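What follows is a single structure, written as structure tokens, with notes after it.
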Amino acid sequence: MEIPYTYKARPDTGLYNAKVGIWLFLASEIMLFGALFSAYILLRVSAPLGFWPDVALAWPRGLLNIPIGTFNTAVLITSSVTVVLAWAALKMNNFARFRVYMVITVLCAFAFLGIKSFEYNDKFSHYVIRLQDGKALTGHIEVDGKHPRFWNFSDQWSLAKLADKKVTKIKVEVDPERDINGHPKKGASHHHEVEVAVSDIVSLGSYTPATHPFFAVYFLITALHGLHVLGGALVLGYFAFPGAKMWKSNPEQFINRIEVGGLFWHFVDLVWIFLFPVVYLL
Amino acid sequence: MQSTASHAHTSATDSSHGHEHHEPGFFSKYIFSTDHKVIGIQYGVSSLLFLLFGFFLMLVMRFQLAYPGRAVPLVGPLLEFVLGEDMAKGGIVGGDLYNSFGAMHGTIMVFLAIVPVLFGAFGNYVTPLQIGAPDMAFPRLNMASFHCYFLGGVVMFASFFTPGGAARSGWTSYSPLASITDPTNLFDGQTYWLMGMVLLITSSLLGSVNFIATIIQLRCRGMSWMRMPFFVWAQFVTGFLLLLAFPPLEAAGLMQLMDNLFGSSFFLPQGLVVGGTPLQVSGGGSPLLWQHLFWFLGHPEVYVLILPAIGIVAEVISNNIRKPLWGYKSMVYAAMSIGFLSFIVWAHHMYLTGMGTKVATFFQTTTMMISIPSVIILTALFISLWGGSIRFNSASLFALSFLPMFGIGGLTGLPLGFNASDIFLHDSYYVIGHFHYVVAPGTMFAVFAGIYYWFPKITGRHMNEVLGKLHWAGSLFFMNCVFAPMFIQGFKGMSRRMSDGGTTYFGQGVDPGILKLNNMILWSAVGLGICQIPFIINFFSSIFAGKRVTSDNPWQATTLEWATPTPPPHGNFLQEPVAYRGPYEYSVPGAKSDFTPQGDKN
């Protein structure tokens with residue numbers, strides 16, 4: 001028994017099975033990310049007054065690192081170009097060039113993830129602190145001479161934990177002041193360090209999902225997107241090396257696989273193209 | 001399955017594997033099979049077991065409603081033994097356990113029983129056969145789909161044994177109720193529920209991609225779109241519903257998981273106070289968001305539950321009245337309209353949330369619109385009966401009684417679609433009566449019809465007709481005795497969210513008569529359970545001792561699944577099937593018999 005049209009196109013639809021399958025899968029993915037984006041919009045527009053944006057801080061706009069995000073966008077777009085070039089190279093029967101472009105694609109994917117984890121790290125050690133006098137400040141903190149690091153969850157601090165560990169003072173490397181759009185104010189002093197007594201603090205939380213729904217949205221969408229990048233990179237990497245055996249046995253089907261993998265990769269890229277302006281810039 | 005084992009071997013020699021074919025072992029044949037028919041049977045057996053389990057949960061709940069605070073007879077000690085003393089002390093179902101059972105009854109029935117039996121079991125077994133395909137487009141995805149489903153079922157089942165018991169926030173898992181977790185016990189029933197749902201959604205994603213791709217790509221020669229049996233059309237539309245409606249619930253599930261495990265506030269508003277103490281969360285979330293995302297799945301899901309059932313009924317009815325379906329094309333277009341409209345009616349489940357009258361008006365309008373195609377389908381099926389010479393076998397009796405039962409279920413939905421009347425009825429037993437009429441005597445009767453109808457193709461043996469008719473008569477009678485009183489209770493304003501069946505309000509101006517109906521419902525449900533015994537006996541004894549079929553087409557049907565050997569071997573067809581005509585060429589004037597199969601050239 002053989003299933004028809006596994007790699008040859010069906011005459012009346014003009015498609016092979018996997019191409020129908022991947023488009024359907026992508027339709028489903030659009031609904032998944034669409035739901036998350038809609039949730040973000042709904043949460044933001046229906047937020048209570050003074051909560052989003054925050055009254056005491058120009059919050060949560062401008063908290064994400066736009067230059068790094070822009071660079072990451074460029075990295076992903078590059079990988080989208082190279083994945084097409086890899087497919088085109090196969091079409092032109094040039095396997096060596098295919099492998100080079102595919103390797104670049106996968107390297108871009110991992111570069112993206114590396115940069116992303118750098119950003120994550122920064123968020124996990126970045127705190128918002130609200131004080132008894134109604135003021136609030138944000139910045140990286142230092143407790144007992146140590147900066148919290150994201151790979152160690154026990155480094156995360158809460159007010160209860162500070163009291164528990166009998167910490168009386170923490171050092172805060174205060175962020176430059178920001179205007180209502182979240183941009184640093186003209187002539188705002190660069191990082192300066194202050195000491196804050198724990199007894200003055202009303203609440204304290206890192207830039208993590210528990211602190212504000214914005215971070216919950218940010219982490220959920222970017223983490224889900226990151227998982228897609230990782231999955232795509234693993235599959236494309238598989239096609240570049242162990243899976244490339246098929247180039248010898250069934251080149252037509254192999255090209256199809258690259259095409260289907262490429263379609264998924266473009267989708268992952270496209271999600272980022274929406275995600276970057278919506279989460280970083282708006 | 002012995003008679004045609006030789007076919008299976010000859011046609012299963014798969015050239016792409018490149019190794020010599022050998023007899024598959026037990027595991028590769030029954031557990032890791034990629035054959036759509038075996039996967040269909042796997043789905044069928046597991047979903048029927050879940051169905052029985054969900055029914056058992058319901059019986060325990062109905063006992064608690066009729067006799068609140070009394071130890072459950074027979075199974076009470078078992079509950080105490082299995083779930084522990086703090087859950088079911090002395091075999092008494094307390095409020096918490098009742099809530100758990102309620103949530104899991106809904107979850108199991110919808111996601112683990114009805115959808116898998118319709119889409120997974122019948123869809124898998126019948127769809128490729130009816131379009132003349134050798135298998136599904138992606139057999140390995142099909143296997144993965146079943147495994148995800150099964151794992152999801154195991155996770156759901158395991159949640160009963162977690163500390164604190166299974167999820168107890170209803171099958172809808174409304175936040176904030178579902179998000180208020182004990183911080184010392186993060187992996188509670190709700191977390192299990194969410195993880196189970198992610199697995200089930202993955203399973204449904206793989207399944208729906210596979211079904212749609214199969215129907216688009218693998219139709220045999222001559223099988224044009226309008227020659228597809230209505231069952232295939234129903235599966236096709238259902239596939240799109242599952243494909244596009246489930247992901248938002250997955251997104252919502254991930255958000256709720258974040259709320260429960262990482263303390264975020266997607267669904268938690270500011271200033272939430274639980275048990276007198278303010279909740280230590282950032283707040284700023286929206287409980288309405290969960291409901292929107294849930295019902296964005298929830299409403300298309302209703303049509304996932306009913307469209308394939310209508311598909312089965314259409315096949316069984318057309319075959320047993322020996323007439324083509326009246327208005328086949330309008331049924332197809334109606335099914336497509338239902339598919340589209342079902343995506344824009346979801347908020348009629350949320351009139352009580354205070355989302356605003358303008359929004360409610362929009363959804364009220366679309367809800368009235370979607371009743372039109374539903375009525376078109378039902379009317380077409382009723383008109384089809386006119387002038388037919390109807391064969392009253394078990395399959396046909398179940399299919400015929402589906403029509404009025406689904407009719408009652410559908411028509412009682414209209415008052416719920418209107419904003420004004422819904423506000424009174426929504427939290428009452430009326431709603432329970434309404435949707436159970438659609439799903440229990442509706443969908444379940446279609447499932448039984450399908451089992452009696454395709455059983456000879458699957459096993460090569462007939463099911464016993466006497467037991468089958470006993471099963472039908474008893475089920476029809478007791479189903480109505482269970483669900484019709486709920487309408488009365490609902491009109492009298494009995495809330496559907498009380499674990500004591502309303503005794504709290506006894507003597508406070510509540511008509512005591514409606515509480516007595518709880519007893520009637522309980523004993524009718526027991527009767528309904530007893531009526532399934534002939535079916536279970538029939539099912540198992542017929543596999544081994546049923547009357548053997550004498551031809552590959554025992555019902556003298558027209559569609560392509562009957563052109564295969566019995567049971568169909570791996571790869572299904574012995575020669576390449578070709579569809580020469582429409583699916584329901586019964587009693588064609590001038591034809592040599594009263595049926596002309598799709599695959600017959602002349």
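Chains: A, B, ... in order of the structure tokens. Residues: from 1 per chain. Ligands: from 1, in order shown.
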### Task
May I have the residues of chain A within 7 Å of chain B, counting only C-alpha atoms, written as JSON, numbers by chain?
{"A": [1, 2, 3, 4, 10, 17, 20, 21, 24, 25, 28, 31, 32, 35, 36, 39, 43, 47, 48, 209, 210, 211, 212, 213, 216]}
For the selection you just gave me, I'd like the residues written to a file as an mmCIF file, in the first residue's frame, keeping C-alpha atoms.
data_model
loop_
_atom_site.group_PDB
_atom_site.id
_atom_site.type_symbol
_atom_site.label_atom_id
_atom_site.label_comp_id
_atom_site.auth_asym_id
_atom_site.auth_seq_id
_atom_site.Cartn_x
_atom_site.Cartn_y
_atom_site.Cartn_z
ATOM 1 C CA MET A 1 0.000 0.000 0.000
ATOM 2 C CA GLU A 2 1.279 3.436 -0.794
ATOM 3 C CA ILE A 3 -0.326 6.721 0.120
ATOM 4 C CA PRO A 4 -0.721 8.873 -2.984
ATOM 5 C CA ARG A 10 -2.150 16.018 -6.881
ATOM 6 C CA ASN A 17 0.008 16.267 1.122
ATOM 7 C CA VAL A 20 -1.685 21.059 2.679
ATOM 8 C CA GLY A 21 -0.775 19.793 6.136
ATOM 9 C CA LEU A 24 -3.444 23.879 7.971
ATOM 10 C CA PHE A 25 -1.016 23.638 10.864
ATOM 11 C CA SER A 28 -4.001 26.709 13.698
ATOM 12 C CA MET A 31 -5.230 31.170 15.967
ATOM 13 C CA LEU A 32 -2.921 30.327 18.885
ATOM 14 C CA ALA A 35 -5.502 34.532 20.828
ATOM 15 C CA LEU A 36 -2.441 35.607 22.798
ATOM 16 C CA ALA A 39 -5.538 38.715 25.171
ATOM 17 C CA LEU A 43 -5.927 43.223 29.086
ATOM 18 C CA ALA A 47 -6.950 47.694 32.615
ATOM 19 C CA PRO A 48 -8.130 49.779 35.564
ATOM 20 C CA PRO A 209 4.997 37.532 35.283
ATOM 21 C CA ALA A 210 3.896 37.862 38.903
ATOM 22 C CA THR A 211 4.709 41.581 39.000
ATOM 23 C CA HIS A 212 2.569 42.899 36.185
ATOM 24 C CA PRO A 213 0.325 41.386 33.470
ATOM 25 C CA ALA A 216 3.094 37.837 31.986
#
Write down as a PDB file with C-alpha atoms, in the first residue's frame the residues belonging to region 186-296 of chain B that are assigned strand (DSSP E) by DSSP computed on the backbone.
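This went into selection.pdb:
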ATOM      1  CA  VAL B 273     -10.375  38.847  48.423  1.00  0.00           C
ATOM      2  CA  VAL B 274     -10.544  35.145  49.123  1.00  0.00           C
ATOM      3  CA  THR B 277      -7.889  37.843  53.059  1.00  0.00           C
ATOM      4  CA  PRO B 278      -6.720  39.860  50.056  1.00  0.00           C
TER       5      PRO B 278
END
### Task
Please identify which residues in region 49-202 of chain A DSSP calls helix (DSSP H, G or I) from the backbone, and express them as a ChimeraX atom specification.
/A:66-91,95-124,153-155,159-164,198-200
### Task
State, in Å with one decimal place, the distance from CA of Met143 (chain B) to CA of Gly120 (chain B).
10.8 Å
Can you tell me, as a PDB file with N, CA and C atoms, in the first residue's frame, what residues are no more than 7 Å from Tyr101 (chain A) when counting only C-alpha atoms, ignoring any on the same chain fewer than 6 positions away?
ATOM      1  N   THR A  82      17.996  33.179   4.374  1.00  0.00           N
ATOM      2  CA  THR A  82      18.892  32.053   4.097  1.00  0.00           C
ATOM      3  C   THR A  82      18.131  30.750   3.931  1.00  0.00           C
ATOM      4  N   VAL A  83      16.989  30.606   4.621  1.00  0.00           N
ATOM      5  CA  VAL A  83      16.265  29.340   4.460  1.00  0.00           C
ATOM      6  C   VAL A  83      15.690  29.240   3.045  1.00  0.00           C
ATOM      7  N   LEU A  85      17.182  30.672   0.438  1.00  0.00           N
ATOM      8  CA  LEU A  85      18.356  30.418  -0.404  1.00  0.00           C
ATOM      9  C   LEU A  85      18.757  28.942  -0.339  1.00  0.00           C
ATOM     10  N   ALA A  86      18.581  28.351   0.843  1.00  0.00           N
ATOM     11  CA  ALA A  86      18.909  26.922   0.973  1.00  0.00           C
ATOM     12  C   ALA A  86      17.996  26.098   0.080  1.00  0.00           C
TER      13      ALA A  86
END
### Surrounding residues of region 349-364 of chain B excluding itself and chain neighbours under 2 positions, 8 Å, only C-alpha atoms, as a count of residues only
16
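Between CA of Ala113 (chain B) and CA of Phe445 (chain B) there is a distance of 13.8 Å.
When CA of Ala244 (chain A) is paired with CA of Tyr16 (chain A), their separation reads 19.9 Å.
Using only C-alpha atoms, the smallest distance between any of A:Trp265, A:Tyr218, A:Phe112, A:Phe124 and Ala74 (chain A) comes from A:Phe112.
Distances to Ile31 (chain B) were evaluated for B:His147, B:Arg581, B:Arg70, B:Lys89 using only C-alpha atoms, and the minimum falls at B:His147.
Summary of the local environment: counting only C-alpha atoms, residues at most 9 Å from Ala473 (chain B), other than itself and those fewer than 5 positions away along its chain, are Leu397, Gly468, Phe478 and Cys531 of chain B.
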